[in-house]
Structures are given as C-alpha cells and as structure tokens.
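Notes follow once the structure below has been shown.
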Amino acid sequence: SFELEIASTGQIVSVAKDESMLEALEDNGFFVPVSCEEGVCGTCITPLLGGEADHKDVFLNDKEKAQMDRVAVCCSRAKTPRLILDL
Ligand code: FES
C-alpha cells in the first residue's frame with residue numbers, strides 16, 4: 001500500500017494493495033475523468049508533483065514515464081511510499 005497527497009488540500013489518501021488509485025480517490029470524493037480504466041486511453045492521466053510512480057499503463061511512452069511528471073491513476077502504482085498528485 002502507499003499514500004497519495006492531494007496537492008491542493010494536503011489531504012492524504014491511502015491506497016490499499018487491492019485497490020487502484022482511482023478507487024481510493026473516488027472513495028475520498030476526488031473524481032478523475034476515466035474511460036478505459038485499463039491504462040490504454042490516457043483519460044485519467046494526472047499531473048504528478050512528487051514521488052515515483054510504478055507506471056502500469058501503455059499510454060505513456062518510455063520517455064514520458066521516465067519524466068515522472070504524470071501518472072495514469074486507473075492502473076499505475078507507486079515505487080515510493082507517497083505520490084503527490086496535482087489535484
Ligand atoms: Fe484509460 Fe486510465 S482511464 S488510461
């Protein structure tokens with residue numbers, strides 16, 4: 001499990017092993033637009049301000065993934081204990 005920090009409010013959202021970032025965000029009242037929910041379409045790409053994502057999508061290319069400045073919240077995970085999202 002890992003945590004999300006919501007940059008605009010400072011709120012911390014915990015993401016359990018068996019849930020997605022998207023589910024954890026929705027459970028806490030943050031709604032990110034989604035479409036495929038499988039890492040293909042890019043609709044859920046959210047700016048990443050801190051931490052390292054474990055990218056699971058196939059939408060971003062390798063260079064974009066290495067930049068660590070956005071993340072597909074429908075399917076990606078975290079390599080660091082906390083990710084800071086620009087929400
Ligand atoms: Fe399609 Fe996340 S909703 S990539």
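Naming works like this for the structure tokens: A, B, ... for the chains as they're shown, residue 1 at the start of each chain, ligands 1 onward in shown order.
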
Compute the set of protein, DNA and RNA residues whose minimum atom distance to ligand 1 is at most 10 Å, using only C-alpha atoms and all ligand atoms, and state it as a list in words. Leu22, Val32, Pro33, Val34, Ser35, Cys36, Glu37, Glu38, Gly39, Val40, Cys41, Gly42, Thr43, Cys44, Ile45, Thr46, Lys56, Asp57, Val58, Phe59, Leu60, Val71, Ala72, Val73, Cys74, Cys75 and Ser76 of chain A

Can I get the residues of range 3-69 of chain A within 12 Å of range 79-82 of chain A, each with the closest pair of atoms and their distance in Å to one decimal, using only C-alpha atoms, sorted chain first then ascending number, as CSV?
residue,atom,partner,partner_atom,distance
A:Glu3,CA,A:Arg82,CA,4.6
A:Leu4,CA,A:Arg82,CA,5.5
A:Glu5,CA,A:Arg82,CA,6.9
A:Ile6,CA,A:Arg82,CA,10.5
A:Ala7,CA,A:Arg82,CA,11.9
A:Gln11,CA,A:Arg82,CA,11.9
A:Ile12,CA,A:Arg82,CA,9.1
A:Val13,CA,A:Arg82,CA,9.5
A:Ser14,CA,A:Arg82,CA,9.1
A:Val15,CA,A:Arg82,CA,9.8
A:Ala16,CA,A:Pro81,CA,11.8
A:Met21,CA,A:Arg82,CA,11.6
A:Leu48,CA,A:Arg82,CA,10.9
A:Leu49,CA,A:Arg82,CA,10.7
A:Gly50,CA,A:Arg82,CA,7.9
A:Gly51,CA,A:Thr80,CA,5.7
A:Glu52,CA,A:Lys79,CA,5.4
A:Ala53,CA,A:Lys79,CA,5.6
A:Asp54,CA,A:Lys79,CA,5.4
A:His55,CA,A:Lys79,CA,9.1
A:Lys56,CA,A:Lys79,CA,11.5
A:Met68,CA,A:Lys79,CA,11.2

For the selection you just gave me, I'd like the residues written to a file as a CSV table (one decimal), in the first residue's frame, keeping N, CA and C atoms.
chain,number,residue,atom,x,y,z
A,3,GLU,N,0.5,6.0,-0.2
A,3,GLU,CA,-0.3,7.1,0.1
A,3,GLU,C,-0.3,8.1,-1.1
A,4,LEU,N,-1.4,8.8,-1.2
A,4,LEU,CA,-1.4,9.9,-2.2
A,4,LEU,C,-1.6,11.2,-1.4
A,5,GLU,N,-0.8,12.2,-1.8
A,5,GLU,CA,-1.0,13.5,-1.2
A,5,GLU,C,-1.7,14.4,-2.2
A,6,ILE,N,-2.8,15.0,-1.9
A,6,ILE,CA,-3.6,15.9,-2.8
A,6,ILE,C,-3.0,17.3,-2.6
A,7,ALA,N,-2.3,17.7,-3.7
A,7,ALA,CA,-1.5,19.0,-3.5
A,7,ALA,C,-2.4,20.2,-3.1
A,11,GLN,N,-4.5,16.8,1.7
A,11,GLN,CA,-5.2,15.6,2.2
A,11,GLN,C,-4.3,14.4,1.8
A,12,ILE,N,-4.3,13.4,2.7
A,12,ILE,CA,-3.6,12.1,2.4
A,12,ILE,C,-4.7,11.0,2.2
A,13,VAL,N,-4.5,10.3,1.1
A,13,VAL,CA,-5.4,9.2,0.7
A,13,VAL,C,-4.6,8.0,0.7
A,14,SER,N,-5.0,7.0,1.5
A,14,SER,CA,-4.3,5.7,1.5
A,14,SER,C,-4.8,4.8,0.3
A,15,VAL,N,-3.9,4.1,-0.3
A,15,VAL,CA,-4.3,3.2,-1.4
A,15,VAL,C,-3.9,1.8,-0.9
A,16,ALA,N,-4.9,1.0,-0.7
A,16,ALA,CA,-4.6,-0.4,-0.3
A,16,ALA,C,-4.1,-1.3,-1.4
A,21,MET,N,-5.5,3.5,-7.4
A,21,MET,CA,-5.5,4.9,-7.0
A,21,MET,C,-6.8,5.6,-7.3
A,48,LEU,N,1.8,14.6,-11.8
A,48,LEU,CA,2.5,14.1,-10.6
A,48,LEU,C,3.5,15.1,-10.2
A,49,LEU,N,3.4,15.5,-8.9
A,49,LEU,CA,4.3,16.6,-8.4
A,49,LEU,C,5.5,16.0,-7.6
A,50,GLY,N,5.3,14.8,-7.1
A,50,GLY,CA,6.3,14.2,-6.2
A,50,GLY,C,6.2,12.8,-6.1
A,51,GLY,N,7.3,12.1,-5.8
A,51,GLY,CA,7.3,10.6,-5.6
A,51,GLY,C,7.5,10.0,-7.0
A,52,GLU,N,7.7,8.7,-7.0
A,52,GLU,CA,7.9,7.9,-8.2
A,52,GLU,C,6.8,6.9,-8.4
A,53,ALA,N,6.2,7.1,-9.6
A,53,ALA,CA,5.1,6.1,-10.0
A,53,ALA,C,5.7,4.8,-10.5
A,54,ASP,N,5.0,3.8,-10.3
A,54,ASP,CA,5.3,2.5,-10.9
A,54,ASP,C,4.3,2.4,-12.1
A,55,HIS,N,4.7,2.9,-13.2
A,55,HIS,CA,3.8,3.0,-14.3
A,55,HIS,C,3.3,1.6,-14.8
A,56,LYS,N,2.0,1.5,-14.9
A,56,LYS,CA,1.5,0.2,-15.4
A,56,LYS,C,0.7,0.4,-16.7
A,68,MET,N,8.4,11.2,-15.0
A,68,MET,CA,7.7,11.1,-13.6
A,68,MET,C,6.9,12.4,-13.3

According to DSSP computed on the backbone, where in chain A is there helix (DSSP H, G or I)? Give the residues as a list in words.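 So, restricting chain A to helix (DSSP H, G or I), we get Met21, Leu22, Glu23, Ala24, Leu25, Glu26, Asp27, Asp62, Lys63, Glu64, Lys65, Ala66 and Gln67 of chain A.
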
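Relative to CA of Ser8 in chain A, CA of Leu85 in chain A is found at 8.7 Å.
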
Mind listing the strand (DSSP E or B) residues of chain A, per DSSP on the backbone, as a list of chain:residue names?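 Put together, the selection reads A:Phe2, A:Glu3, A:Leu4, A:Glu5, A:Ile6, A:Ile12, A:Val13, A:Ser14, A:Val15, A:Ile45, A:Thr46, A:Pro47, A:Leu48, A:Leu49, A:Gly50, A:Ala53, A:Asp54, A:Arg70, A:Val71, A:Ala72, A:Arg77, A:Ala78, A:Arg82, A:Leu83, A:Ile84, A:Leu85.
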
Report the distance between CA of Arg70 in chain A and CA of Gly10 in chain A in Å, rounded to one decimal place.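 It comes out at 18.2 Å.
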
In Å, with one decimal, what is the gap from CA of Lys65 in chain A to CA of Glu26 in chain A? 23.9 Å

Residue nearest Phe2 in chain A among A:Asn28, A:Leu87, A:Asn61, A:Arg77 (counting only C-alpha atoms): A:Arg77
